[in-house]
Amino acid sequence: DVEQDRNPTITANPSNAVCAEDVAGLTFTANITDGQGTDTYQWSKNGTAIVGATATIYSPGLGDIVDGDVITFQVSTTLPDQCSFDSNSITMSVVDAPTATVSSSANANTICSGDSIVITAGVVAGASYAFRLNNAPANAAHVAANVYTVPAGLITSQSTVTVTVTNAAGCDATADLVVLVPEFVSAGQVSIDFDDLVL
């Protein structure tokens with residue numbers, strides 16, 4: 001009696017190309033033909049068994065897979081006809097998120113109420129930039145590539161500017177900059193009651 005080939009095939013969902021921060025959302029699934037309840041399963045990365053990955057579905061954690069890792073799956077039958085059947089391999093393309101930085105034209109990021117300010121995101125090759133002011137999308141007319149010029153009068157109190165940097169692979173990162181606007185109290189009067197003075 002010869003064990004039938006289980007013909008294992010594996011797929012990666014949503015894709016074998018992901019951003020590093022999305023690795024934990026991956027699911028690898030094995031499809032098997034003529035499987036038996038006594039079969040055992042093992043997922044491997046770069047030819048080394050992955051500890052605990054012994055079901056037909058493997059869900060990696062954040063950082064468990066990096067660019068270039070090769071994922072495979074094996075089905076083993078039990079004695080007396082102990083055989084092992086290997087799946088196809090999936091080579092992963094994992095792209096790191098870009099580094100998002102942001103700075104301003106103002107000293108210590110501080111302006112007077114109603115002043116303008118220029119916000120600049122650090123340049124990332126091939127990236128696109130999306131700015132938000134207090135969580136509202138910036139007016140496209142005020143944005144040129146990685147530079148957001150906030151018009152005079154738009155910021156009157158402490159505000160947060162956020163930039164989202166998206167690289168060519170669609171991976172993104174954000175950075176915040178808090179614009180400080182000092183509050184000034186109008187001049188008042190100071191009165192002294194000379195009757196209370198002790199000489």
# chains A, B, ... in the order shown; residues from 1 in each chain; ligands from 1
call {"tool": "select_by_dssp", "arguments": {"residues": "range 1-198 of chain A", "states": "strand (DSSP E)", "output": "ChimeraX atom specification"}}
result
/A:9-13,17-19,27-31,40-45,48-49,57-58,70-76,84-86,90-91,93-95,102-104,117-121,128-133,136-137,143-144,147-150,159-166,172-179
call {"tool": "closest_atom_pairs", "arguments": {"of": "range 40-157 of chain A", "to": "range 162-179 of chain A", "cutoff": "12 Å", "atoms": "only C-alpha atoms", "output": "tab-separated table"}}
result
residue	atom	partner	partner_atom	distance
A:Ser93	CA	A:Ala169	CA	10.3
A:Val94	CA	A:Ala169	CA	9.6
A:Val95	CA	A:Ala169	CA	7.1
A:Asp96	CA	A:Cys171	CA	7.1
A:Ala97	CA	A:Cys171	CA	5.1
A:Pro98	CA	A:Ala173	CA	6.0
A:Thr99	CA	A:Ala173	CA	6.5
A:Ala100	CA	A:Ala175	CA	5.5
A:Thr101	CA	A:Ala175	CA	5.7
A:Val102	CA	A:Ala175	CA	6.4
A:Ser103	CA	A:Leu177	CA	7.1
A:Ser104	CA	A:Leu177	CA	8.2
A:Ser105	CA	A:Val179	CA	10.6
A:Ala106	CA	A:Val179	CA	8.7
A:Asn107	CA	A:Val179	CA	10.2
A:Ala108	CA	A:Val179	CA	8.6
A:Asn109	CA	A:Val179	CA	5.2
A:Thr110	CA	A:Val179	CA	5.8
A:Ile111	CA	A:Val179	CA	7.3
A:Cys112	CA	A:Val179	CA	10.1
A:Ser113	CA	A:Val179	CA	10.5
A:Gly114	CA	A:Val179	CA	11.9
A:Asp115	CA	A:Val179	CA	11.0
A:Ser116	CA	A:Val179	CA	10.9
A:Ile117	CA	A:Val179	CA	8.9
A:Val118	CA	A:Val179	CA	10.7
A:Ile119	CA	A:Leu177	CA	8.6
A:Thr120	CA	A:Val163	CA	9.1
A:Ala121	CA	A:Val163	CA	7.0
A:Gly122	CA	A:Val165	CA	9.0
A:Val123	CA	A:Val165	CA	9.1
A:Val124	CA	A:Asn167	CA	7.4
A:Ala125	CA	A:Asn167	CA	7.7
A:Gly126	CA	A:Ala168	CA	5.7
A:Ala127	CA	A:Asn167	CA	4.2
A:Ser128	CA	A:Thr166	CA	5.3
A:Tyr129	CA	A:Val165	CA	4.8
A:Ala130	CA	A:Thr164	CA	5.1
A:Phe131	CA	A:Val163	CA	4.5
A:Arg132	CA	A:Thr162	CA	5.1
A:Leu133	CA	A:Thr162	CA	6.5
A:Asn134	CA	A:Thr162	CA	7.8
A:Asn135	CA	A:Thr162	CA	7.4
A:Ala136	CA	A:Thr162	CA	9.4
A:Pro137	CA	A:Thr162	CA	9.3
A:Ala138	CA	A:Thr162	CA	9.6
A:Val143	CA	A:Val163	CA	11.2
A:Ala145	CA	A:Val165	CA	10.6
A:Asn146	CA	A:Val163	CA	8.8
A:Val147	CA	A:Val163	CA	9.9
A:Tyr148	CA	A:Val163	CA	9.3
A:Val150	CA	A:Val179	CA	11.0
A:Leu154	CA	A:Val179	CA	11.7
A:Ile155	CA	A:Val179	CA	8.5
A:Thr156	CA	A:Val179	CA	9.9
A:Ser157	CA	A:Val179	CA	8.3
call {"tool": "atom_distance", "arguments": {"atom1": "CA of Lys45 in chain A", "atom2": "CA of Val70 in chain A"}}
result
5.6 Å
call {"tool": "residues_around", "arguments": {"residues": "Gly68 in chain A", "least_positions_apart": "2", "cutoff": "10 Å", "atoms": "only C-alpha atoms", "output": "ChimeraX atom specification"}}
result
/A:46,65-66,70-71,90-94
call {"tool": "write_last_selection", "arguments": {"atoms": "C-alpha atoms", "output": "tab-separated table (two decimals), in the first residue's frame"}}
result
chain	number	residue	atom	x	y	z
A	46	ASN	CA	14.38	29.21	4.76
A	65	ILE	CA	9.24	37.39	8.30
A	66	VAL	CA	11.69	39.70	6.56
A	70	VAL	CA	11.24	31.59	1.72
A	71	ILE	CA	8.15	29.88	3.18
A	90	ILE	CA	6.79	31.41	-1.55
A	91	THR	CA	9.52	34.05	-1.53
A	92	MET	CA	8.52	37.08	0.50
A	93	SER	CA	9.02	40.69	-0.48
A	94	VAL	CA	8.86	42.74	2.72
call {"tool": "select_by_dssp", "arguments": {"residues": "range 70-166 of chain A", "states": "helix (DSSP H, G or I)", "output": "VMD selection string"}}
result
chain A and resid 107 to 109 140 to 142
call {"tool": "residues_around", "arguments": {"residues": "Thr33 in chain A", "least_positions_apart": "2", "cutoff": "12 Å", "atoms": "only C-alpha atoms", "output": "PDB file with N, CA, C and O atoms, in the first residue's frame"}}
result
ATOM      1  N   GLU A   3       1.248   5.388   0.028  1.00  0.00           N
ATOM      2  CA  GLU A   3       0.525   6.612   0.377  1.00  0.00           C
ATOM      3  C   GLU A   3       0.360   7.492  -0.872  1.00  0.00           C
ATOM      4  O   GLU A   3       1.288   7.625  -1.671  1.00  0.00           O
ATOM      5  N   GLN A   4      -0.835   8.055  -1.021  1.00  0.00           N
ATOM      6  CA  GLN A   4      -1.080   8.972  -2.127  1.00  0.00           C
ATOM      7  C   GLN A   4      -0.368  10.300  -1.854  1.00  0.00           C
ATOM      8  O   GLN A   4      -0.314  10.771  -0.714  1.00  0.00           O
ATOM      9  N   ASP A   5       0.166  10.869  -2.904  1.00  0.00           N
ATOM     10  CA  ASP A   5       0.805  12.179  -2.781  1.00  0.00           C
ATOM     11  C   ASP A   5      -0.238  13.183  -2.303  1.00  0.00           C
ATOM     12  O   ASP A   5      -1.331  13.285  -2.864  1.00  0.00           O
ATOM     13  N   ARG A   6       0.090  13.924  -1.268  1.00  0.00           N
ATOM     14  CA  ARG A   6      -0.854  14.927  -0.724  1.00  0.00           C
ATOM     15  C   ARG A   6      -0.883  16.207  -1.567  1.00  0.00           C
ATOM     16  O   ARG A   6      -1.748  17.048  -1.383  1.00  0.00           O
ATOM     17  N   ASN A   7       0.089  16.350  -2.446  1.00  0.00           N
ATOM     18  CA  ASN A   7       0.133  17.517  -3.354  1.00  0.00           C
ATOM     19  C   ASN A   7      -0.118  18.840  -2.623  1.00  0.00           C
ATOM     20  O   ASN A   7      -0.995  19.619  -3.023  1.00  0.00           O
ATOM     21  N   PRO A   8       0.625  19.134  -1.575  1.00  0.00           N
ATOM     22  CA  PRO A   8       0.366  20.383  -0.851  1.00  0.00           C
ATOM     23  C   PRO A   8       0.746  21.608  -1.675  1.00  0.00           C
ATOM     24  O   PRO A   8       1.801  21.644  -2.316  1.00  0.00           O
ATOM     25  N   THR A   9      -0.127  22.568  -1.684  1.00  0.00           N
ATOM     26  CA  THR A   9       0.155  23.857  -2.315  1.00  0.00           C
ATOM     27  C   THR A   9      -0.164  24.947  -1.305  1.00  0.00           C
ATOM     28  O   THR A   9      -1.109  24.818  -0.520  1.00  0.00           O
ATOM     29  N   ALA A  30      -2.407  26.200   3.480  1.00  0.00           N
ATOM     30  CA  ALA A  30      -2.002  25.007   2.717  1.00  0.00           C
ATOM     31  C   ALA A  30      -3.241  24.261   2.250  1.00  0.00           C
ATOM     32  O   ALA A  30      -4.184  24.058   3.013  1.00  0.00           O
ATOM     33  N   ASN A  31      -3.243  23.880   1.005  1.00  0.00           N
ATOM     34  CA  ASN A  31      -4.309  23.048   0.443  1.00  0.00           C
ATOM     35  C   ASN A  31      -3.736  21.670   0.150  1.00  0.00           C
ATOM     36  O   ASN A  31      -2.647  21.549  -0.424  1.00  0.00           O
ATOM     37  N   GLY A  35      -5.746  13.939   1.960  1.00  0.00           N
ATOM     38  CA  GLY A  35      -5.198  13.985   3.310  1.00  0.00           C
ATOM     39  C   GLY A  35      -5.887  13.000   4.237  1.00  0.00           C
ATOM     40  O   GLY A  35      -7.045  12.620   4.029  1.00  0.00           O
ATOM     41  N   GLN A  36      -5.162  12.565   5.272  1.00  0.00           N
ATOM     42  CA  GLN A  36      -5.693  11.662   6.288  1.00  0.00           C
ATOM     43  C   GLN A  36      -5.594  12.336   7.650  1.00  0.00           C
ATOM     44  O   GLN A  36      -4.736  13.206   7.872  1.00  0.00           O
ATOM     45  N   ASP A  39      -2.170  12.537   9.328  1.00  0.00           N
ATOM     46  CA  ASP A  39      -1.080  13.320   8.734  1.00  0.00           C
ATOM     47  C   ASP A  39      -0.616  14.403   9.707  1.00  0.00           C
ATOM     48  O   ASP A  39      -1.385  14.912  10.516  1.00  0.00           O
ATOM     49  N   VAL A  75       3.837  17.959   4.390  1.00  0.00           N
ATOM     50  CA  VAL A  75       2.880  17.000   4.960  1.00  0.00           C
ATOM     51  C   VAL A  75       3.611  15.677   5.156  1.00  0.00           C
ATOM     52  O   VAL A  75       4.288  15.195   4.242  1.00  0.00           O
ATOM     53  N   PHE A  85       5.722  15.044   1.900  1.00  0.00           N
ATOM     54  CA  PHE A  85       5.420  15.721   0.642  1.00  0.00           C
ATOM     55  C   PHE A  85       5.594  17.227   0.843  1.00  0.00           C
ATOM     56  O   PHE A  85       5.024  17.814   1.765  1.00  0.00           O
ATOM     57  N   SER A  87       5.569  21.287  -0.353  1.00  0.00           N
ATOM     58  CA  SER A  87       4.776  22.228  -1.140  1.00  0.00           C
ATOM     59  C   SER A  87       5.659  23.052  -2.069  1.00  0.00           C
ATOM     60  O   SER A  87       6.891  22.936  -2.054  1.00  0.00           O
TER      61      SER A  87
END
call {"tool": "atom_distance", "arguments": {"atom1": "CA of Thr29 in chain A", "atom2": "CA of Cys83 in chain A"}}
result
21.0 Å
call {"tool": "residues_around", "arguments": {"residues": "Ala12 in chain A", "least_positions_apart": "2", "cutoff": "9 Å", "atoms": "only C-alpha atoms", "output": "number ranges by chain"}}
result
A: 10, 14-16, 26-29, 90
call {"tool": "write_last_selection", "arguments": {"atoms": "all heavy atoms", "output": "tab-separated table (two decimals), in the first residue's frame"}}
result
chain	number	residue	atom	x	y	z
A	10	ILE	N	0.63	26.01	-1.32
A	10	ILE	CA	0.42	27.07	-0.33
A	10	ILE	C	0.20	28.41	-1.02
A	10	ILE	O	0.69	28.66	-2.12
A	10	ILE	CB	1.60	27.17	0.66
A	10	ILE	CG1	2.92	27.46	-0.07
A	10	ILE	CG2	1.71	25.89	1.49
A	10	ILE	CD1	4.10	27.74	0.87
A	14	PRO	N	-2.72	38.65	2.20
A	14	PRO	CA	-3.23	39.04	0.88
A	14	PRO	C	-2.22	38.89	-0.26
A	14	PRO	O	-2.60	38.85	-1.42
A	14	PRO	CB	-3.59	40.51	1.09
A	14	PRO	CG	-2.63	40.98	2.12
A	14	PRO	CD	-2.44	39.82	3.06
A	15	SER	N	-0.92	38.81	0.06
A	15	SER	CA	0.08	38.76	-1.01
A	15	SER	C	1.43	38.38	-0.41
A	15	SER	O	1.63	38.46	0.80
A	15	SER	CB	0.17	40.13	-1.69
A	15	SER	OG	1.29	40.21	-2.54
A	16	ASN	N	2.36	38.01	-1.28
A	16	ASN	CA	3.72	37.75	-0.80
A	16	ASN	C	4.53	39.04	-0.75
A	16	ASN	O	5.69	39.04	-0.32
A	16	ASN	CB	4.43	36.74	-1.71
A	16	ASN	CG	4.75	37.31	-3.08
A	16	ASN	OD1	3.88	37.93	-3.71
A	16	ASN	ND2	5.96	37.11	-3.55
A	26	LEU	N	-0.57	38.78	7.83
A	26	LEU	CA	-0.48	37.75	6.79
A	26	LEU	C	-1.10	36.43	7.24
A	26	LEU	O	-1.10	36.11	8.43
A	26	LEU	CB	0.97	37.48	6.44
A	26	LEU	CG	1.69	38.44	5.49
A	26	LEU	CD1	3.17	38.11	5.46
A	26	LEU	CD2	1.10	38.35	4.09
A	27	THR	N	-1.62	35.69	6.28
A	27	THR	CA	-2.08	34.32	6.53
A	27	THR	C	-1.59	33.43	5.41
A	27	THR	O	-1.83	33.71	4.23
A	27	THR	CB	-3.62	34.25	6.59
A	27	THR	OG1	-4.10	35.11	7.63
A	27	THR	CG2	-4.08	32.82	6.89
A	28	PHE	N	-0.88	32.37	5.78
A	28	PHE	CA	-0.45	31.36	4.81
A	28	PHE	C	-1.37	30.16	4.95
A	28	PHE	O	-1.61	29.67	6.06
A	28	PHE	CB	1.00	30.94	5.06
A	28	PHE	CG	2.00	32.03	4.83
A	28	PHE	CD1	2.36	32.89	5.85
A	28	PHE	CD2	2.58	32.20	3.58
A	28	PHE	CE1	3.29	33.90	5.65
A	28	PHE	CE2	3.50	33.21	3.36
A	28	PHE	CZ	3.86	34.06	4.39
A	29	THR	N	-1.88	29.68	3.83
A	29	THR	CA	-2.83	28.56	3.84
A	29	THR	C	-2.32	27.42	2.96
A	29	THR	O	-1.86	27.66	1.84
A	29	THR	CB	-4.22	29.02	3.35
A	29	THR	OG1	-4.68	30.10	4.16
A	29	THR	CG2	-5.23	27.88	3.43
A	90	ILE	N	7.19	30.02	-1.35
A	90	ILE	CA	6.79	31.41	-1.55
A	90	ILE	C	7.92	32.29	-1.03
A	90	ILE	O	8.30	32.21	0.14
A	90	ILE	CB	5.48	31.74	-0.80
A	90	ILE	CG1	4.31	30.96	-1.39
A	90	ILE	CG2	5.21	33.25	-0.85
A	90	ILE	CD1	2.99	31.19	-0.67
call {"tool": "decode", "arguments": {"residues": "range 123-134 of chain A", "atoms": "all heavy atoms", "output": "PDB file, in the first residue's frame"}}
result
ATOM      1  N   VAL A 123      12.897  64.492   3.139  1.00  0.00           N
ATOM      2  CA  VAL A 123      12.774  63.916   1.799  1.00  0.00           C
ATOM      3  C   VAL A 123      13.041  62.412   1.829  1.00  0.00           C
ATOM      4  O   VAL A 123      14.018  61.953   2.412  1.00  0.00           O
ATOM      5  CB  VAL A 123      13.747  64.601   0.815  1.00  0.00           C
ATOM      6  CG1 VAL A 123      13.724  63.911  -0.542  1.00  0.00           C
ATOM      7  CG2 VAL A 123      13.397  66.075   0.678  1.00  0.00           C
ATOM      8  N   VAL A 124      12.128  61.654   1.211  1.00  0.00           N
ATOM      9  CA  VAL A 124      12.292  60.213   1.018  1.00  0.00           C
ATOM     10  C   VAL A 124      12.160  59.956  -0.475  1.00  0.00           C
ATOM     11  O   VAL A 124      11.149  60.321  -1.091  1.00  0.00           O
ATOM     12  CB  VAL A 124      11.225  59.408   1.787  1.00  0.00           C
ATOM     13  CG1 VAL A 124      11.338  57.918   1.468  1.00  0.00           C
ATOM     14  CG2 VAL A 124      11.357  59.642   3.292  1.00  0.00           C
ATOM     15  N   ALA A 125      13.161  59.342  -1.069  1.00  0.00           N
ATOM     16  CA  ALA A 125      13.168  59.132  -2.514  1.00  0.00           C
ATOM     17  C   ALA A 125      11.916  58.386  -2.979  1.00  0.00           C
ATOM     18  O   ALA A 125      11.562  57.347  -2.427  1.00  0.00           O
ATOM     19  CB  ALA A 125      14.413  58.356  -2.924  1.00  0.00           C
ATOM     20  N   GLY A 126      11.245  58.950  -3.965  1.00  0.00           N
ATOM     21  CA  GLY A 126      10.082  58.304  -4.569  1.00  0.00           C
ATOM     22  C   GLY A 126       8.821  58.338  -3.731  1.00  0.00           C
ATOM     23  O   GLY A 126       7.829  57.698  -4.083  1.00  0.00           O
ATOM     24  N   ALA A 127       8.838  59.079  -2.628  1.00  0.00           N
ATOM     25  CA  ALA A 127       7.680  59.092  -1.717  1.00  0.00           C
ATOM     26  C   ALA A 127       6.690  60.193  -2.067  1.00  0.00           C
ATOM     27  O   ALA A 127       7.006  61.146  -2.784  1.00  0.00           O
ATOM     28  CB  ALA A 127       8.147  59.261  -0.280  1.00  0.00           C
ATOM     29  N   SER A 128       5.470  60.033  -1.546  1.00  0.00           N
ATOM     30  CA  SER A 128       4.458  61.090  -1.623  1.00  0.00           C
ATOM     31  C   SER A 128       4.158  61.553  -0.196  1.00  0.00           C
ATOM     32  O   SER A 128       4.417  60.820   0.773  1.00  0.00           O
ATOM     33  CB  SER A 128       3.179  60.578  -2.298  1.00  0.00           C
ATOM     34  OG  SER A 128       2.616  59.512  -1.554  1.00  0.00           O
ATOM     35  N   TYR A 129       3.603  62.750  -0.076  1.00  0.00           N
ATOM     36  CA  TYR A 129       3.397  63.359   1.238  1.00  0.00           C
ATOM     37  C   TYR A 129       1.958  63.853   1.366  1.00  0.00           C
ATOM     38  O   TYR A 129       1.417  64.460   0.438  1.00  0.00           O
ATOM     39  CB  TYR A 129       4.353  64.541   1.436  1.00  0.00           C
ATOM     40  CG  TYR A 129       5.797  64.182   1.173  1.00  0.00           C
ATOM     41  CD1 TYR A 129       6.308  64.219  -0.132  1.00  0.00           C
ATOM     42  CD2 TYR A 129       6.635  63.773   2.193  1.00  0.00           C
ATOM     43  CE1 TYR A 129       7.622  63.872  -0.389  1.00  0.00           C
ATOM     44  CE2 TYR A 129       7.960  63.419   1.939  1.00  0.00           C
ATOM     45  CZ  TYR A 129       8.446  63.467   0.645  1.00  0.00           C
ATOM     46  OH  TYR A 129       9.735  63.112   0.387  1.00  0.00           O
ATOM     47  N   ALA A 130       1.366  63.598   2.519  1.00  0.00           N
ATOM     48  CA  ALA A 130       0.012  64.089   2.798  1.00  0.00           C
ATOM     49  C   ALA A 130       0.044  64.794   4.151  1.00  0.00           C
ATOM     50  O   ALA A 130       0.445  64.196   5.160  1.00  0.00           O
ATOM     51  CB  ALA A 130      -0.991  62.945   2.813  1.00  0.00           C
ATOM     52  N   PHE A 131      -0.350  66.065   4.156  1.00  0.00           N
ATOM     53  CA  PHE A 131      -0.324  66.860   5.386  1.00  0.00           C
ATOM     54  C   PHE A 131      -1.733  67.023   5.954  1.00  0.00           C
ATOM     55  O   PHE A 131      -2.718  67.084   5.207  1.00  0.00           O
ATOM     56  CB  PHE A 131       0.270  68.242   5.120  1.00  0.00           C
ATOM     57  CG  PHE A 131       1.739  68.250   4.837  1.00  0.00           C
ATOM     58  CD1 PHE A 131       2.211  68.112   3.534  1.00  0.00           C
ATOM     59  CD2 PHE A 131       2.660  68.391   5.866  1.00  0.00           C
ATOM     60  CE1 PHE A 131       3.569  68.122   3.268  1.00  0.00           C
ATOM     61  CE2 PHE A 131       4.026  68.401   5.605  1.00  0.00           C
ATOM     62  CZ  PHE A 131       4.481  68.271   4.303  1.00  0.00           C
ATOM     63  N   ARG A 132      -1.793  67.106   7.298  1.00  0.00           N
ATOM     64  CA  ARG A 132      -3.043  67.393   7.979  1.00  0.00           C
ATOM     65  C   ARG A 132      -2.773  68.442   9.051  1.00  0.00           C
ATOM     66  O   ARG A 132      -1.712  68.435   9.685  1.00  0.00           O
ATOM     67  CB  ARG A 132      -3.630  66.132   8.635  1.00  0.00           C
ATOM     68  CG  ARG A 132      -3.950  65.019   7.647  1.00  0.00           C
ATOM     69  CD  ARG A 132      -4.478  63.768   8.337  1.00  0.00           C
ATOM     70  NE  ARG A 132      -5.834  63.937   8.807  1.00  0.00           N
ATOM     71  CZ  ARG A 132      -6.916  63.761   8.036  1.00  0.00           C
ATOM     72  NH1 ARG A 132      -6.773  63.413   6.775  1.00  0.00           N
ATOM     73  NH2 ARG A 132      -8.120  63.932   8.525  1.00  0.00           N
ATOM     74  N   LEU A 133      -3.735  69.340   9.228  1.00  0.00           N
ATOM     75  CA  LEU A 133      -3.644  70.356  10.271  1.00  0.00           C
ATOM     76  C   LEU A 133      -4.774  70.109  11.258  1.00  0.00           C
ATOM     77  O   LEU A 133      -5.954  70.182  10.890  1.00  0.00           O
ATOM     78  CB  LEU A 133      -3.756  71.762   9.669  1.00  0.00           C
ATOM     79  CG  LEU A 133      -3.794  72.930  10.669  1.00  0.00           C
ATOM     80  CD1 LEU A 133      -2.519  72.957  11.526  1.00  0.00           C
ATOM     81  CD2 LEU A 133      -3.983  74.258   9.947  1.00  0.00           C
ATOM     82  N   ASN A 134      -4.409  69.773  12.482  1.00  0.00           N
ATOM     83  CA  ASN A 134      -5.415  69.427  13.504  1.00  0.00           C
ATOM     84  C   ASN A 134      -6.370  68.364  12.985  1.00  0.00           C
ATOM     85  O   ASN A 134      -7.583  68.447  13.147  1.00  0.00           O
ATOM     86  CB  ASN A 134      -6.172  70.668  13.974  1.00  0.00           C
ATOM     87  CG  ASN A 134      -5.254  71.649  14.689  1.00  0.00           C
ATOM     88  OD1 ASN A 134      -4.302  71.253  15.352  1.00  0.00           O
ATOM     89  ND2 ASN A 134      -5.515  72.938  14.513  1.00  0.00           N
TER      90      ASN A 134
END
